[in-house]
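This report concerns only the one structure given below.
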Amino acid sequence: MIHKSTYIHHEPINKVSLVILILIDVFVLVNVFSGLNSISQWPLSPSEEFPCFLAYQDYQTADKKGTTAFNVTTIENLIEQNKSSPSLAVDNSNRLGQSSNLCTNYTRLSKAINTAENVQLKASIDKQKSEVYSLKQDIQTLQSQYNSTLLEKIAGQPTEKSINKVNADRVKSEIERNQKQIANKEKEITDRQTKLIKDPASEAYLKLLNNTSEYQAIKKGYESAEFWYPNKQLLLQTLFLLPLILIAYLWHSTAIRKNIGLQALLSWHLLLIFCIPLLIKFFEFLQFGNLVGIVIDLIIDLFGGLVFIASYALILIIPLLGLGLIKILQRWVFNTRLQAKKRIQKVRCINCNFQLRLTDEFCPSCSFNQYIDCSNCHHKTYKFTKFCSSCGHQIEENQ
């Protein structure tokens, strides 16, 4: 393969040409992977097909599901999310697939929550929470001063030598005043949060998330989409690469047949470049694909849950599949006997495809000997053929 990638008519190409070839290879390979990445994003992902699934899942699987505190957090997070990304709708134009109708109600109700009143209510709650936090920080500072002043008082230290500028009683009264403010603000926050979740739009939204049967339907659809998504990606990537591989193969075959060395070299490089990503994606699918994952899970179950068995299975299966792929390529694509048969019929060199005369024993282009001696009749017969052209004796492959 290295010889075929760096030689033209059995002569090595110069270093400058080799560098140019490598640059072409890198450029084409980068663009092939870019195209693969683009086409893999063509189908909608499970989260795009079911944009409401994560919201349902977070609510349905929460330990504090249905509690007032959890409902408040859910609504507040939704209002904040709608502010940062107003639209949940997925752009289906020029994409494969469409968003599920199961999420239509969710999209409508989630948008309805962001009324001007609710947004203002959420802002006031955030402001009150910020003020409570500041008061608590002040209490910590005052508490530190109070403890220090109290220790000085217990130790009998004169007031003029105290490191604190205020006395213990004054600090204590400030702490109590701040605590009362915190209690009042927390009550206001609770009242506003209650008002927020009692809003008709919020109640309808929470009722929707609490619908277990609808969640199960969405979950089933999401899991199905999640299962088929990587398989769709592999199929599309394969369909993207196959025409390129076919074009490169036909170009290479034509260049070999017509003995156009430079085109044969370039088309061979392109054929390799197009096959490499296909092999990478294929083995990635074997490692991470869902269909393979099901087989691995079955193997693990059969062996009593021993996870390391899966590693043994992959170590065994992937080399076997690689060996099978190599065998197929050797038999149908790079078969020396098939290639020799075609070239002998066209009176061309078995090795380099140079046009010969019927009387030529050695190729004038590459000096390759076209014949071997038959072990039965000892007459000359073509190399890489199954039978002797003189006596019909079967020729061993190693002859």
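Residue numbering restarts at 1 for every chain of the structure tokens, chains are lettered A, B, ... in their displayed order, and ligands are numbered from 1 as they appear.
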Apply DSSP to the backbone of this structure and, from segment 207-384 of chain A, keep only the residues in helix (DSSP H, G or I); write these as a PyMOL selection string. chain A and resi 207-209+212-257+261-288+290-302+308-333+336-345
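Residues in contact range of Asn105 of chain A, defined as at most 10 Å between only C-alpha atoms, with sequence neighbours fewer than 4 positions away removed, read Cys52, Asn101, Leu109, Ser110, Tyr205 and Leu208 of chain A.
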Segment 378-395 of chain A: which residues within 10 Å, counting only C-alpha atoms, same-chain residues fewer than 5 positions away excluded, as JSON, numbers by chain? {"A": [336, 337, 338, 339, 340, 341, 344, 350, 361, 369, 370, 371, 372, 373]}
Might you pull out every residue within 10 Å of segment 189-196 of chain A, with only C-alpha atoms counted and same-chain residues fewer than 6 positions away left off, and present them as a list in words?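 Returned residues: Thr68, Ala69, Asn71, Val72, Thr73, Ile75, Glu76, Ile113, Glu117, Asn118, Val119, Leu121, Lys122, Ser124, Ile125, Asp126, Lys127, Gln128, Lys129, Val132, Ala183, Ser202 and Glu203 of chain A.
Using only C-alpha atoms for every distance, the candidate list A:Asn114, A:Thr107, A:Gln237, A:Ser99 yields A:Asn114 as the residue closest to Asp199 of chain A.
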Using atom CA of Leu21 of chain A and atom CA of Ile247 of chain A as the two end points, give the distance in Å to one decimal.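 So the two atoms, atom CA of Leu21 of chain A and atom CA of Ile247 of chain A, lie 18.5 Å apart.
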For Thr61 of chain A, the nearest of the candidates A:Phe368, A:Tyr249, A:Tyr215, A:Phe285, counting only C-alpha atoms: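 When distances to Thr61 of chain A are compared using only C-alpha atoms, the smallest one comes from A:Tyr215.
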Between atom CA of Pro200 of chain A and atom CA of Lys111 of chain A, measure the distance and give it in Å to one decimal.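 Pair atom CA of Pro200 of chain A / atom CA of Lys111 of chain A returns 13.0 Å.
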Distance in Å - atom CA of Ile328 of chain A versus atom CA of Ile273 of chain A: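 So the two atoms, atom CA of Ile328 of chain A and atom CA of Ile273 of chain A, lie 19.1 Å apart.
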For Ile175 of chain A, find every residue with an atom within 9 Å (counting only C-alpha atoms), except residues of its own chain fewer than 5 positions away, and show them as a ChimeraX atom specification. /A:138-140,142-143,170,180
Take the residues just selected and output them with all heavy atoms as a PDB file, in the first residue's frame.
```pdb
ATOM      1  N   ASP A 138     -24.658  40.937  57.069  1.00  0.00           N
ATOM      2  CA  ASP A 138     -24.451  41.955  58.105  1.00  0.00           C
ATOM      3  C   ASP A 138     -24.544  41.333  59.495  1.00  0.00           C
ATOM      4  O   ASP A 138     -23.774  41.691  60.404  1.00  0.00           O
ATOM      5  CB  ASP A 138     -25.498  43.072  57.963  1.00  0.00           C
ATOM      6  CG  ASP A 138     -25.284  43.903  56.703  1.00  0.00           C
ATOM      7  OD1 ASP A 138     -24.161  43.855  56.159  1.00  0.00           O
ATOM      8  OD2 ASP A 138     -26.236  44.586  56.272  1.00  0.00           O
ATOM      9  N   ILE A 139     -25.503  40.418  59.665  1.00  0.00           N
ATOM     10  CA  ILE A 139     -25.654  39.750  60.964  1.00  0.00           C
ATOM     11  C   ILE A 139     -24.395  38.974  61.326  1.00  0.00           C
ATOM     12  O   ILE A 139     -23.952  38.969  62.485  1.00  0.00           O
ATOM     13  CB  ILE A 139     -26.890  38.830  60.955  1.00  0.00           C
ATOM     14  CG1 ILE A 139     -28.164  39.675  60.999  1.00  0.00           C
ATOM     15  CG2 ILE A 139     -26.870  37.856  62.127  1.00  0.00           C
ATOM     16  CD1 ILE A 139     -29.440  38.875  60.886  1.00  0.00           C
ATOM     17  N   GLN A 140     -23.818  38.304  60.352  1.00  0.00           N
ATOM     18  CA  GLN A 140     -22.574  37.560  60.627  1.00  0.00           C
ATOM     19  C   GLN A 140     -21.474  38.496  61.110  1.00  0.00           C
ATOM     20  O   GLN A 140     -20.742  38.189  62.059  1.00  0.00           O
ATOM     21  CB  GLN A 140     -22.125  36.810  59.360  1.00  0.00           C
ATOM     22  CG  GLN A 140     -22.987  35.612  59.019  1.00  0.00           C
ATOM     23  CD  GLN A 140     -22.454  34.846  57.811  1.00  0.00           C
ATOM     24  OE1 GLN A 140     -21.456  35.241  57.207  1.00  0.00           O
ATOM     25  NE2 GLN A 140     -23.115  33.768  57.466  1.00  0.00           N
ATOM     26  N   LEU A 142     -21.881  41.509  62.514  1.00  0.00           N
ATOM     27  CA  LEU A 142     -22.274  42.027  63.829  1.00  0.00           C
ATOM     28  C   LEU A 142     -22.124  40.963  64.914  1.00  0.00           C
ATOM     29  O   LEU A 142     -21.706  41.277  66.044  1.00  0.00           O
ATOM     30  CB  LEU A 142     -23.728  42.519  63.778  1.00  0.00           C
ATOM     31  CG  LEU A 142     -23.991  43.770  62.924  1.00  0.00           C
ATOM     32  CD1 LEU A 142     -25.480  43.988  62.745  1.00  0.00           C
ATOM     33  CD2 LEU A 142     -23.326  44.992  63.545  1.00  0.00           C
ATOM     34  N   GLN A 143     -22.431  39.728  64.557  1.00  0.00           N
ATOM     35  CA  GLN A 143     -22.296  38.641  65.530  1.00  0.00           C
ATOM     36  C   GLN A 143     -20.848  38.449  65.944  1.00  0.00           C
ATOM     37  O   GLN A 143     -20.545  38.214  67.122  1.00  0.00           O
ATOM     38  CB  GLN A 143     -22.838  37.338  64.924  1.00  0.00           C
ATOM     39  CG  GLN A 143     -22.958  36.181  65.903  1.00  0.00           C
ATOM     40  CD  GLN A 143     -24.035  36.411  66.937  1.00  0.00           C
ATOM     41  OE1 GLN A 143     -25.171  36.736  66.587  1.00  0.00           O
ATOM     42  NE2 GLN A 143     -23.703  36.260  68.213  1.00  0.00           N
ATOM     43  N   ARG A 170     -25.457  47.563  71.919  1.00  0.00           N
ATOM     44  CA  ARG A 170     -25.838  48.192  70.651  1.00  0.00           C
ATOM     45  C   ARG A 170     -25.770  47.183  69.498  1.00  0.00           C
ATOM     46  O   ARG A 170     -26.656  47.153  68.642  1.00  0.00           O
ATOM     47  CB  ARG A 170     -24.928  49.383  70.378  1.00  0.00           C
ATOM     48  CG  ARG A 170     -25.307  50.156  69.124  1.00  0.00           C
ATOM     49  CD  ARG A 170     -24.398  51.332  68.915  1.00  0.00           C
ATOM     50  NE  ARG A 170     -24.685  51.995  67.646  1.00  0.00           N
ATOM     51  CZ  ARG A 170     -23.971  53.019  67.179  1.00  0.00           C
ATOM     52  NH1 ARG A 170     -22.950  53.501  67.884  1.00  0.00           N
ATOM     53  NH2 ARG A 170     -24.291  53.569  66.026  1.00  0.00           N
ATOM     54  N   LYS A 180     -35.489  40.803  62.467  1.00  0.00           N
ATOM     55  CA  LYS A 180     -36.893  41.128  62.233  1.00  0.00           C
ATOM     56  C   LYS A 180     -37.129  41.497  60.769  1.00  0.00           C
ATOM     57  O   LYS A 180     -38.133  41.103  60.157  1.00  0.00           O
ATOM     58  CB  LYS A 180     -37.312  42.289  63.139  1.00  0.00           C
ATOM     59  CG  LYS A 180     -37.456  41.902  64.611  1.00  0.00           C
ATOM     60  CD  LYS A 180     -37.866  43.107  65.438  1.00  0.00           C
ATOM     61  CE  LYS A 180     -37.973  42.745  66.923  1.00  0.00           C
ATOM     62  NZ  LYS A 180     -38.339  43.907  67.769  1.00  0.00           N
TER      63      LYS A 180
END
```
Within 8 Å of Leu241 of chain A using only C-alpha atoms, minus same-chain residues under 2 positions, as a list in words: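 Listed by chain and then number, they are Gln237, Thr238, Leu239, Pro243, Leu244, Ile245, Phe274, Cys275 and Leu278 of chain A.
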I'd like a table as a Markdown table: residues in segment 337-398 of chain A with an atom no more than 9 Å from segment 250-268 of chain A, each row giving the shortest atom pair and its distance in Å to one decimal, only C-alpha atoms counted, sorted by chain and rising residue number.
```
| residue | atom | partner | partner_atom | distance |
| --- | --- | --- | --- | --- |
| A:Arg343 | CA | A:Arg257 | CA | 8.3 |
| A:Arg348 | CA | A:Arg257 | CA | 8.8 |
| A:Cys352 | CA | A:Asn259 | CA | 7.7 |
| A:Asn353 | CA | A:Asn259 | CA | 6.1 |
| A:Phe354 | CA | A:Asn259 | CA | 6.1 |
| A:Gln355 | CA | A:Asn259 | CA | 8.1 |
```
Given the choices A:Leu234, A:Ile13, A:Ile79, A:Leu270, which gets closest to Leu246 of chain A if the distance is worked out from only C-alpha atoms?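 Closest to Leu246 of chain A of all the choices is A:Leu270.
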